[in-house]
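One file, target.cif, is given below (mmCIF, C-alpha atoms).
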data_my_file
#
loop_
_atom_site.label_atom_id
_atom_site.label_comp_id
_atom_site.auth_asym_id
_atom_site.auth_seq_id
_atom_site.Cartn_x
_atom_site.Cartn_y
_atom_site.Cartn_z
CA MET A 1 -16.94 -0.07 30.51
CA ARG A 2 -16.42 3.64 30.31
CA ILE A 3 -14.88 4.94 27.09
CA ARG A 4 -12.83 8.10 27.44
CA ARG A 5 -12.63 10.99 25.06
CA SER A 6 -9.11 12.29 24.62
CA GLY A 7 -7.66 15.47 26.08
CA LYS A 8 -9.52 18.60 26.90
CA ARG A 9 -12.75 19.41 25.16
CA PRO A 10 -12.20 21.85 22.27
CA ARG A 11 -13.86 25.21 22.70
CA ARG A 12 -17.16 25.45 20.89
CA LYS A 13 -17.53 27.36 17.68
CA TRP A 14 -20.36 27.49 15.16
CA VAL A 15 -19.63 28.40 11.57
CA LEU A 16 -20.80 27.37 8.13
CA VAL A 17 -18.87 24.74 6.50
CA ALA A 18 -18.29 15.94 4.68
CA PRO A 19 -13.22 13.33 3.83
CA PHE A 20 -9.04 14.16 2.43
CA LEU A 21 -0.09 12.24 1.07
CA LEU A 22 2.13 14.97 2.09
CA VAL A 23 2.99 17.86 -0.24
CA ILE A 24 6.46 17.75 -1.71
CA GLY A 25 9.08 20.32 -2.65
CA ALA A 26 7.91 23.86 -3.17
CA PHE A 27 4.33 23.06 -2.23
CA PHE A 28 5.32 21.92 1.25
CA ALA A 29 7.62 24.91 1.74
CA ALA A 30 4.86 27.31 0.73
CA ALA A 31 2.39 25.65 3.10
CA GLN A 32 4.76 25.99 6.05
CA ALA A 33 5.91 29.57 5.44
CA ASP A 34 4.68 32.28 7.77
CA THR A 35 3.83 34.38 4.70
CA PRO A 36 2.20 32.34 1.91
CA GLN A 37 4.33 32.26 -1.23
CA PRO A 38 2.54 32.38 -4.59
CA LEU A 39 2.72 29.13 -6.51
CA GLN A 40 3.29 29.10 -10.24
CA LYS A 41 -0.17 28.10 -11.40
CA PRO A 42 -3.62 27.68 -9.83
CA GLN A 43 -3.30 23.96 -10.62
CA ASP A 44 -0.28 23.92 -8.26
CA VAL A 45 -2.40 25.32 -5.44
CA VAL A 46 -5.21 22.84 -6.10
CA LEU A 47 -2.86 19.85 -6.34
CA ALA A 48 -1.13 20.85 -3.10
CA MET A 49 -4.49 21.17 -1.37
CA ILE A 50 -5.64 17.76 -2.63
CA ASN A 51 -2.40 16.14 -1.41
CA ASN A 52 -2.86 17.68 2.02
CA GLU A 53 -6.49 16.55 2.21
CA ASN A 54 -5.44 13.00 1.26
CA ALA A 55 -2.70 13.07 3.93
CA ALA A 56 -5.23 14.13 6.56
CA ALA A 57 -7.67 11.42 5.53
CA ALA A 58 -4.89 8.80 5.76
CA ARG A 59 -4.43 9.59 9.47
CA HIS A 60 -7.91 8.15 10.17
CA GLU A 61 -8.77 10.48 13.01
CA HIS A 62 -12.22 9.96 14.50
CA TRP A 63 -14.48 12.33 16.40
CA GLU A 64 -17.67 12.70 18.35
CA TYR A 65 -19.78 15.69 17.35
CA LEU A 66 -23.24 17.20 17.10
CA SER A 67 -25.03 16.97 13.75
CA ASN A 68 -28.11 18.83 12.53
CA GLU A 69 -29.44 17.24 9.35
CA ARG A 70 -32.41 17.60 7.04
CA SER A 71 -32.43 15.07 4.19
CA GLY A 72 -34.16 12.11 2.67
CA ARG A 73 -32.75 10.00 5.50
CA THR A 74 -34.65 12.19 7.96
CA SER A 75 -37.79 12.27 5.75
CA GLY A 76 -37.41 16.03 5.47
CA HIS A 77 -37.41 16.58 9.23
CA ALA A 78 -34.62 18.33 11.13
CA TRP A 79 -32.76 15.72 13.17
CA THR A 80 -30.29 16.67 15.90
CA GLU A 81 -27.95 13.76 16.57
CA ARG A 82 -24.90 12.95 18.65
CA VAL A 83 -22.51 11.16 16.24
CA VAL A 84 -19.50 8.94 16.98
CA GLU A 85 -17.23 8.11 14.05
CA THR A 86 -15.84 4.62 13.52
CA ALA A 87 -13.95 3.08 10.60
CA PRO A 88 -17.07 1.31 9.23
CA GLY A 89 -19.34 4.32 9.67
CA ARG A 90 -21.06 6.81 11.95
CA VAL A 91 -23.03 5.60 14.96
CA ARG A 92 -25.80 8.08 15.80
CA LEU A 93 -28.03 8.94 18.72
CA LEU A 94 -31.10 11.04 17.92
CA ILE A 95 -31.55 13.70 20.62
CA GLY A 96 -33.88 16.22 18.97
CA LEU A 97 -36.59 16.27 16.30
CA ASP A 98 -37.59 19.51 14.56
CA GLY A 99 -36.14 21.52 17.41
CA ARG A 100 -37.91 19.57 20.15
CA PRO A 101 -36.48 17.03 22.64
CA LEU A 102 -37.52 13.41 22.26
CA SER A 103 -40.44 11.88 24.13
CA PRO A 104 -39.77 9.05 26.61
CA ALA A 105 -41.00 6.54 24.00
CA GLN A 106 -38.64 7.95 21.37
CA ILE A 107 -35.72 7.86 23.82
CA GLN A 108 -36.45 4.19 24.47
CA GLN A 109 -36.48 3.56 20.70
CA GLU A 110 -33.01 5.10 20.46
CA ARG A 111 -31.80 2.98 23.37
CA THR A 112 -33.13 -0.17 21.70
CA LYS A 113 -31.50 0.81 18.38
CA LEU A 114 -28.08 1.36 19.98
CA GLU A 115 -28.30 -1.88 21.95
CA ALA A 116 -28.97 -3.73 18.66
CA ILE A 117 -25.95 -2.04 17.05
CA ARG A 118 -23.80 -2.93 20.08
CA ASP A 119 -24.91 -6.56 20.07
CA HIS A 120 -25.07 -7.10 16.29
CA PRO A 121 -22.57 -4.69 14.67
CA GLU A 122 -22.42 -6.72 11.45
CA ASP A 123 -25.87 -5.48 10.40
CA PHE A 124 -24.86 -1.86 11.02
CA ILE A 125 -21.58 -2.27 9.09
CA LYS A 126 -23.34 -3.77 6.07
CA HIS A 127 -25.83 -0.93 6.02
CA GLU A 128 -23.19 1.80 6.38
CA GLN A 129 -21.08 0.47 3.51
CA SER A 130 -24.02 0.98 1.15
CA THR A 131 -24.93 4.49 2.31
CA ARG A 132 -21.66 6.44 2.77
CA VAL A 133 -21.91 8.49 -0.42
CA GLU A 134 -21.12 12.06 0.70
CA GLU A 135 -17.44 11.36 1.36
CA LYS A 136 -17.11 9.51 -1.95
CA ARG A 137 -18.76 12.37 -3.84
CA ALA A 138 -16.52 15.02 -2.27
CA ARG A 139 -13.36 13.00 -2.99
CA GLN A 140 -14.36 12.42 -6.62
CA MET A 141 -14.95 16.11 -7.11
CA LEU A 142 -11.57 17.05 -5.65
CA GLU A 143 -9.63 14.47 -7.65
CA VAL A 144 -10.94 15.58 -11.06
CA LEU A 145 -10.36 19.30 -10.45
CA PRO A 146 -6.77 19.62 -11.81
CA HIS A 147 -7.58 17.74 -15.03
CA ASN A 148 -11.20 18.41 -15.83
CA PHE A 149 -11.39 22.17 -15.21
CA LEU A 150 -9.91 25.55 -16.07
CA PHE A 151 -9.24 27.97 -13.19
CA GLU A 152 -10.04 31.66 -13.49
CA ASN A 153 -10.39 34.79 -11.33
CA VAL A 154 -7.55 33.56 -9.11
CA VAL A 155 -6.93 35.88 -6.15
CA LEU A 156 -4.74 35.60 -3.04
CA ASP A 157 -6.37 37.79 -0.41
CA HIS A 158 -5.63 37.90 3.33
CA GLY A 159 -4.07 34.44 3.36
CA VAL A 160 -6.81 32.80 1.31
CA TRP A 161 -6.83 31.64 -2.31
CA ARG A 162 -10.09 32.22 -4.14
CA MET A 163 -10.80 31.01 -7.67
CA THR A 164 -13.57 29.94 -9.98
CA PHE A 165 -13.47 26.93 -12.28
CA ARG A 166 -15.27 25.77 -15.41
CA PRO A 167 -15.10 22.65 -17.61
CA ASN A 168 -11.96 22.24 -19.73
CA PRO A 169 -13.27 21.87 -23.30
CA ASP A 170 -10.18 19.82 -24.28
CA TYR A 171 -10.82 17.17 -21.63
CA LYS A 172 -12.76 14.09 -22.71
CA PRO A 173 -14.64 12.61 -19.74
CA SER A 174 -15.14 8.87 -19.43
CA GLY A 175 -17.95 7.23 -17.52
CA ILE A 176 -21.21 8.62 -16.20
CA GLU A 177 -19.80 10.32 -13.10
CA GLU A 178 -17.09 12.18 -15.06
CA ARG A 179 -19.67 13.27 -17.64
CA VAL A 180 -21.78 14.80 -14.90
CA LEU A 181 -18.80 16.54 -13.29
CA HIS A 182 -17.63 17.84 -16.67
CA ASN A 183 -20.83 19.84 -16.92
CA MET A 184 -20.26 21.61 -13.61
CA ALA A 185 -18.64 24.89 -12.64
CA GLY A 186 -18.06 26.54 -9.30
CA THR A 187 -15.72 28.15 -6.81
CA LEU A 188 -12.87 27.10 -4.52
CA VAL A 189 -11.54 28.76 -1.38
CA ILE A 190 -8.21 27.41 -0.05
CA ASP A 191 -6.23 28.36 3.05
CA ALA A 192 -2.91 29.63 1.64
CA HIS A 193 -0.84 28.80 4.73
CA ASP A 194 -2.03 25.23 5.41
CA LEU A 195 -3.15 24.62 1.82
CA ARG A 196 -6.39 23.10 3.09
CA LEU A 197 -9.85 23.34 1.58
CA ILE A 198 -12.14 25.95 3.14
CA HIS A 199 -15.03 25.96 0.68
CA MET A 200 -16.03 24.37 -2.59
CA ASP A 201 -19.21 24.42 -4.56
CA PHE A 202 -20.09 22.67 -7.79
CA HIS A 203 -23.22 23.54 -9.74
CA LEU A 204 -24.54 21.99 -12.93
CA VAL A 205 -24.34 24.49 -15.79
CA GLN A 206 -26.43 22.50 -18.25
CA ASP A 207 -28.74 19.50 -18.22
CA VAL A 208 -27.03 16.12 -18.52
CA GLY A 209 -28.66 13.00 -19.95
CA ILE A 210 -27.49 9.72 -18.47
CA GLY A 211 -27.82 6.80 -20.88
CA PHE A 212 -28.77 9.25 -23.64
CA GLY A 213 -31.53 10.49 -21.39
CA LEU A 214 -33.20 7.09 -21.19
CA LEU A 215 -32.15 6.47 -17.58
CA ALA A 216 -32.22 9.99 -16.15
CA ASP A 217 -31.79 13.66 -16.91
CA LEU A 218 -29.96 15.81 -14.35
CA HIS A 219 -31.09 19.43 -14.43
CA THR A 220 -29.41 22.76 -13.87
CA GLY A 221 -29.79 23.92 -10.32
CA SER A 222 -28.24 20.71 -9.00
CA ASN A 223 -25.25 21.49 -6.78
CA PHE A 224 -22.84 20.27 -4.10
CA ILE A 225 -21.43 22.56 -1.39
CA SER A 226 -18.90 21.83 1.37
CA ASP A 227 -17.65 24.29 4.00
CA ARG A 228 -14.72 23.53 6.29
CA GLN A 229 -12.78 25.28 9.04
CA GLU A 230 -9.75 24.82 11.28
CA ILE A 231 -10.74 24.45 14.93
CA ASP A 232 -8.03 24.11 17.55
CA GLY A 233 -5.50 22.94 14.98
CA ARG A 234 -7.76 20.41 13.26
CA TRP A 235 -9.76 20.80 10.06
CA HIS A 236 -13.39 19.76 10.08
CA THR A 237 -16.21 19.65 7.55
CA LEU A 238 -18.91 21.72 9.17
CA HIS A 239 -21.49 22.04 6.41
CA VAL A 240 -22.48 19.83 3.50
CA GLU A 241 -25.31 20.60 1.12
CA THR A 242 -26.39 18.54 -1.88
CA VAL A 243 -29.29 19.39 -4.18
CA VAL A 244 -30.10 17.17 -7.16
CA HIS A 245 -32.98 17.78 -9.55
CA ALA A 246 -33.56 14.99 -12.06
CA LYS A 247 -36.07 12.97 -14.01
CA ALA A 248 -35.66 9.22 -14.21
CA MET A 249 -37.22 6.77 -16.63
CA VAL A 250 -40.96 7.20 -17.25
CA LEU A 251 -40.58 10.90 -16.34
CA LYS A 252 -40.35 10.19 -12.63
CA LYS A 253 -39.24 13.36 -10.86
CA ILE A 254 -36.32 13.07 -8.44
CA ASP A 255 -35.36 15.69 -5.88
CA LEU A 256 -32.45 14.84 -3.58
CA ASN A 257 -31.69 17.33 -0.85
CA VAL A 258 -29.13 16.93 1.94
CA ASP A 259 -28.30 19.75 4.35
CA ILE A 260 -25.98 18.95 7.29
CA TYR A 261 -24.35 21.21 9.91
CA ARG A 262 -21.79 19.84 12.40
CA SER A 263 -20.40 21.34 15.62
CA GLU A 264 -19.04 20.55 19.10
CA PHE A 265 -16.23 18.27 17.90
CA GLN A 266 -14.59 16.10 20.57
CA PRO A 267 -11.55 13.94 19.73
CA LEU A 268 -11.65 10.27 20.71
CA ASP A 269 -8.61 8.84 22.49
CA HIS A 270 -8.48 5.81 20.19
CA GLU A 271 -10.28 4.37 17.20
CA LEU A 272 -13.50 2.87 18.53
CA SER A 273 -15.15 -0.30 17.32
CA VAL A 274 -18.83 -0.14 16.44
CA PRO A 275 -19.89 -1.77 19.75
CA GLU A 276 -17.68 0.68 21.68
CA ALA A 277 -19.25 3.64 19.87
CA ALA A 278 -22.75 2.36 20.63
CA THR A 279 -21.78 1.89 24.28
CA LEU A 280 -20.42 5.44 24.47
CA LEU A 281 -23.70 6.85 23.17
CA LEU A 282 -25.78 4.63 25.44
CA GLN A 283 -23.89 6.07 28.42
CA SER A 284 -25.11 9.54 27.48
CA ILE A 285 -28.81 8.59 27.58
CA LYS A 286 -30.41 9.78 30.80
#
Target encoding structure tokens, full file:
Amino acid sequence: MRIRRSGKRPRRKWVLVAPFLLVIGAFFAAAQADTPQPLQKPQDVVLAMINNENAAAARHEHWEYLSNERSGRTSGHAWTERVVETAPGRVRLLIGLDGRPLSPAQIQQERTKLEAIRDHPEDFIKHEQSTRVEEKRARQMLEVLPHNFLFENVVLDHGVWRMTFRPNPDYKPSGIEERVLHNMAGTLVIDAHDLRLIHMDFHLVQDVGIGFGLLADLHTGSNFISDRQEIDGRWHTLHVETVVHAKAMVLKKIDLNVDIYRSEFQPLDHELSVPEAATLLLQSIK
């Protein structure tokens, strides 16, 4: 079975850059205008952007693309992978390691891995459900922005909104994740015409103790960065970077680093199952 990719292949671009209900009333009109119209408050811009990101995520579009990643998953090595998105998760084919092509033995390992995913997708799905954290983290950060933060230095320049944000002292966070986010500040860059997110970064402005410091202490210098761009009418997350410095119980040091660049996006003509995605990648092995 040969699985087709849809339409013509988008032209390649490489730029710095993870996942995101239609805007109503004035927000929608401003997004569609040829000349962006200023909204009343920065919160209006942020809410409109969040609604547009949620609407895009609800369409469940899936892609094949090239990924270059260095993280704990790659044991600190630079992995180049061909990735096919499915509803349960991303099926990957390793094609390069630290800038070098794979050996014949490594290629066979990848073939065996994909054949196992094709033949036993339930194991892959179970694993993916426990590891897809980057999309969840980005969505959490977006959703708390209008309530948890104050927006400053708001500028509309050449069709782009730029603003900084800091914790709202009147907001009372609940739960561990909100407490961590409430101690972050950062910047937002939003396309004023489409009202879509171009860039966001959160960085921890003071140490945070989880469980009164008995479970872990997160340290300043921890951050999350996401860069996105419109390519051929579609918005893609092209760069994700996460850095976490912490100490867990018994003073165990924790350093979490994720750095991912994505390119060469190709739309798929329909939503693939996990076995179909594995088959597609197996067809590309020479």
key: Among the residues A:His239, A:Arg162, A:Arg73, A:Arg118, the one that comes closest to Pro275 of chain A [using all atoms listed in the file]   =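 For Pro275 of chain A, the nearest of the given residues is A:Arg118.
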request  = Carefully work through the PyMOL selection byres ((chain A and resi 241) around 10) for this structure and note down the residues it includes, as a PyMOL selection string.
outcome  = chain A and resi 17-18+69-71+134+201+223-227+239-240+242-243+257-261
message = My list of candidates is A:His60, A:Arg90, A:Lys172, A:His193. Which is closest to Ala48 of chain A when distances are computed with all atoms listed in the file?
response =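 Of A:His60, A:Arg90, A:Lys172, A:His193, the one nearest Ala48 of chain A, counting all atoms listed in the file, is A:His193.
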query = Selected by the PyMOL selection byres ((chain A and resi 174-180) around 10) in the shown coordinates: which residues, as an MDAnalysis selection string?
reply = chainID A and resid 137 140:141 144 148 171:173 181:184 204 206:211 218
request  = Counting only C-alpha atoms, figure out which residue out of A:Thr74, A:Thr187, A:Ser67, A:Gln129 gets nearest to Arg92 of chain A.
outcome  = A:Ser67
Centre, edges in Å (one decimal): axis-aligned box, segment 106-112 of chain A, 3 Å padding on all six sides, as JSON:
{"center_x": -35.2, "center_y": 3.9, "center_z": 22.5, "size_x": 12.8, "size_y": 14.1, "size_z": 10.0}
message = To one decimal place in Å, what is the distance between atom CA of Leu156 of chain A and atom CA of Lys41 of chain A?
response =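 If I compute the distance from atom CA of Leu156 of chain A to atom CA of Lys41 of chain A, I get 12.1 Å.
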task = Please measure the separation of atom CA of Leu197 of chain A and atom CA of Val155 of chain A, giving the value in Å to one decimal.
result =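 These atoms are spaced 15.0 Å apart.
Remark: for Asn168 of chain A, the closest of the candidate residues A:Gly186, A:Gly233, A:Pro88, A:Pro146 is A:Pro146 (distances computed over all atoms listed in the file).
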Expected selection from the PyMOL selection byres ((chain A and resi 102-113) around 12), given as a ChimeraX atom specification = /A:79-82,91-101,114-121,123-124,275,278-286
Got time to write the residues from that selection, C-alpha atoms, as a PDB file, in the frame of the given file?
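Heads up, here's the output in again05.pdb:
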ATOM      1  CA  TRP A  79     -32.760  15.720  13.170  1.00  0.00           C
ATOM      2  CA  THR A  80     -30.290  16.670  15.900  1.00  0.00           C
ATOM      3  CA  GLU A  81     -27.950  13.760  16.570  1.00  0.00           C
ATOM      4  CA  ARG A  82     -24.900  12.950  18.650  1.00  0.00           C
ATOM      5  CA  VAL A  91     -23.030   5.600  14.960  1.00  0.00           C
ATOM      6  CA  ARG A  92     -25.800   8.080  15.800  1.00  0.00           C
ATOM      7  CA  LEU A  93     -28.030   8.940  18.720  1.00  0.00           C
ATOM      8  CA  LEU A  94     -31.100  11.040  17.920  1.00  0.00           C
ATOM      9  CA  ILE A  95     -31.550  13.700  20.620  1.00  0.00           C
ATOM     10  CA  GLY A  96     -33.880  16.220  18.970  1.00  0.00           C
ATOM     11  CA  LEU A  97     -36.590  16.270  16.300  1.00  0.00           C
ATOM     12  CA  ASP A  98     -37.590  19.510  14.560  1.00  0.00           C
ATOM     13  CA  GLY A  99     -36.140  21.520  17.410  1.00  0.00           C
ATOM     14  CA  ARG A 100     -37.910  19.570  20.150  1.00  0.00           C
ATOM     15  CA  PRO A 101     -36.480  17.030  22.640  1.00  0.00           C
ATOM     16  CA  LEU A 114     -28.080   1.360  19.980  1.00  0.00           C
ATOM     17  CA  GLU A 115     -28.300  -1.880  21.950  1.00  0.00           C
ATOM     18  CA  ALA A 116     -28.970  -3.730  18.660  1.00  0.00           C
ATOM     19  CA  ILE A 117     -25.950  -2.040  17.050  1.00  0.00           C
ATOM     20  CA  ARG A 118     -23.800  -2.930  20.080  1.00  0.00           C
ATOM     21  CA  ASP A 119     -24.910  -6.560  20.070  1.00  0.00           C
ATOM     22  CA  HIS A 120     -25.070  -7.100  16.290  1.00  0.00           C
ATOM     23  CA  PRO A 121     -22.570  -4.690  14.670  1.00  0.00           C
ATOM     24  CA  ASP A 123     -25.870  -5.480  10.400  1.00  0.00           C
ATOM     25  CA  PHE A 124     -24.860  -1.860  11.020  1.00  0.00           C
ATOM     26  CA  PRO A 275     -19.890  -1.770  19.750  1.00  0.00           C
ATOM     27  CA  ALA A 278     -22.750   2.360  20.630  1.00  0.00           C
ATOM     28  CA  THR A 279     -21.780   1.890  24.280  1.00  0.00           C
ATOM     29  CA  LEU A 280     -20.420   5.440  24.470  1.00  0.00           C
ATOM     30  CA  LEU A 281     -23.700   6.850  23.170  1.00  0.00           C
ATOM     31  CA  LEU A 282     -25.780   4.630  25.440  1.00  0.00           C
ATOM     32  CA  GLN A 283     -23.890   6.070  28.420  1.00  0.00           C
ATOM     33  CA  SER A 284     -25.110   9.540  27.480  1.00  0.00           C
ATOM     34  CA  ILE A 285     -28.810   8.590  27.580  1.00  0.00           C
ATOM     35  CA  LYS A 286     -30.410   9.780  30.800  1.00  0.00           C
TER      36      LYS A 286
END
key: Given only C-alpha atoms as the counted atoms, nearest of A:Leu145, A:Ala277, A:Met163, A:Val189 to Gln229 of chain A   = A:Val189
Residue nearest Val83 of chain A among A:Leu66, A:Ala185, A:Leu150, A:Leu47 (counting all atoms listed in the file) =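 Nearest candidate to Val83 of chain A out of A:Leu66, A:Ala185, A:Leu150, A:Leu47: A:Leu66.
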request  = Mind giving me the straight-line distance from atom CA of Pro267 of chain A to atom CA of His62 of chain A in Å, one decimal?
outcome  =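 Going from atom CA of Pro267 of chain A over to atom CA of His62 of chain A covers 6.6 Å.
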ask   = Contacts of Phe149 of chain A at 7 Å or less, counting all atoms listed in the file, minus same-chain residues fewer than 6 places along, as a PyMOL selection string?
value = chain A and resi 165-168
Grab the residues selected above and save them as an mmCIF file, keeping the file's coordinate frame with C-alpha atoms.
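After the write, result_27.cif holds the following:
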data_model
loop_
_atom_site.group_PDB
_atom_site.id
_atom_site.type_symbol
_atom_site.label_atom_id
_atom_site.label_comp_id
_atom_site.auth_asym_id
_atom_site.auth_seq_id
_atom_site.Cartn_x
_atom_site.Cartn_y
_atom_site.Cartn_z
ATOM 1 C CA PHE A 165 -13.470 26.930 -12.280
ATOM 2 C CA ARG A 166 -15.270 25.770 -15.410
ATOM 3 C CA PRO A 167 -15.100 22.650 -17.610
ATOM 4 C CA ASN A 168 -11.960 22.240 -19.730
#
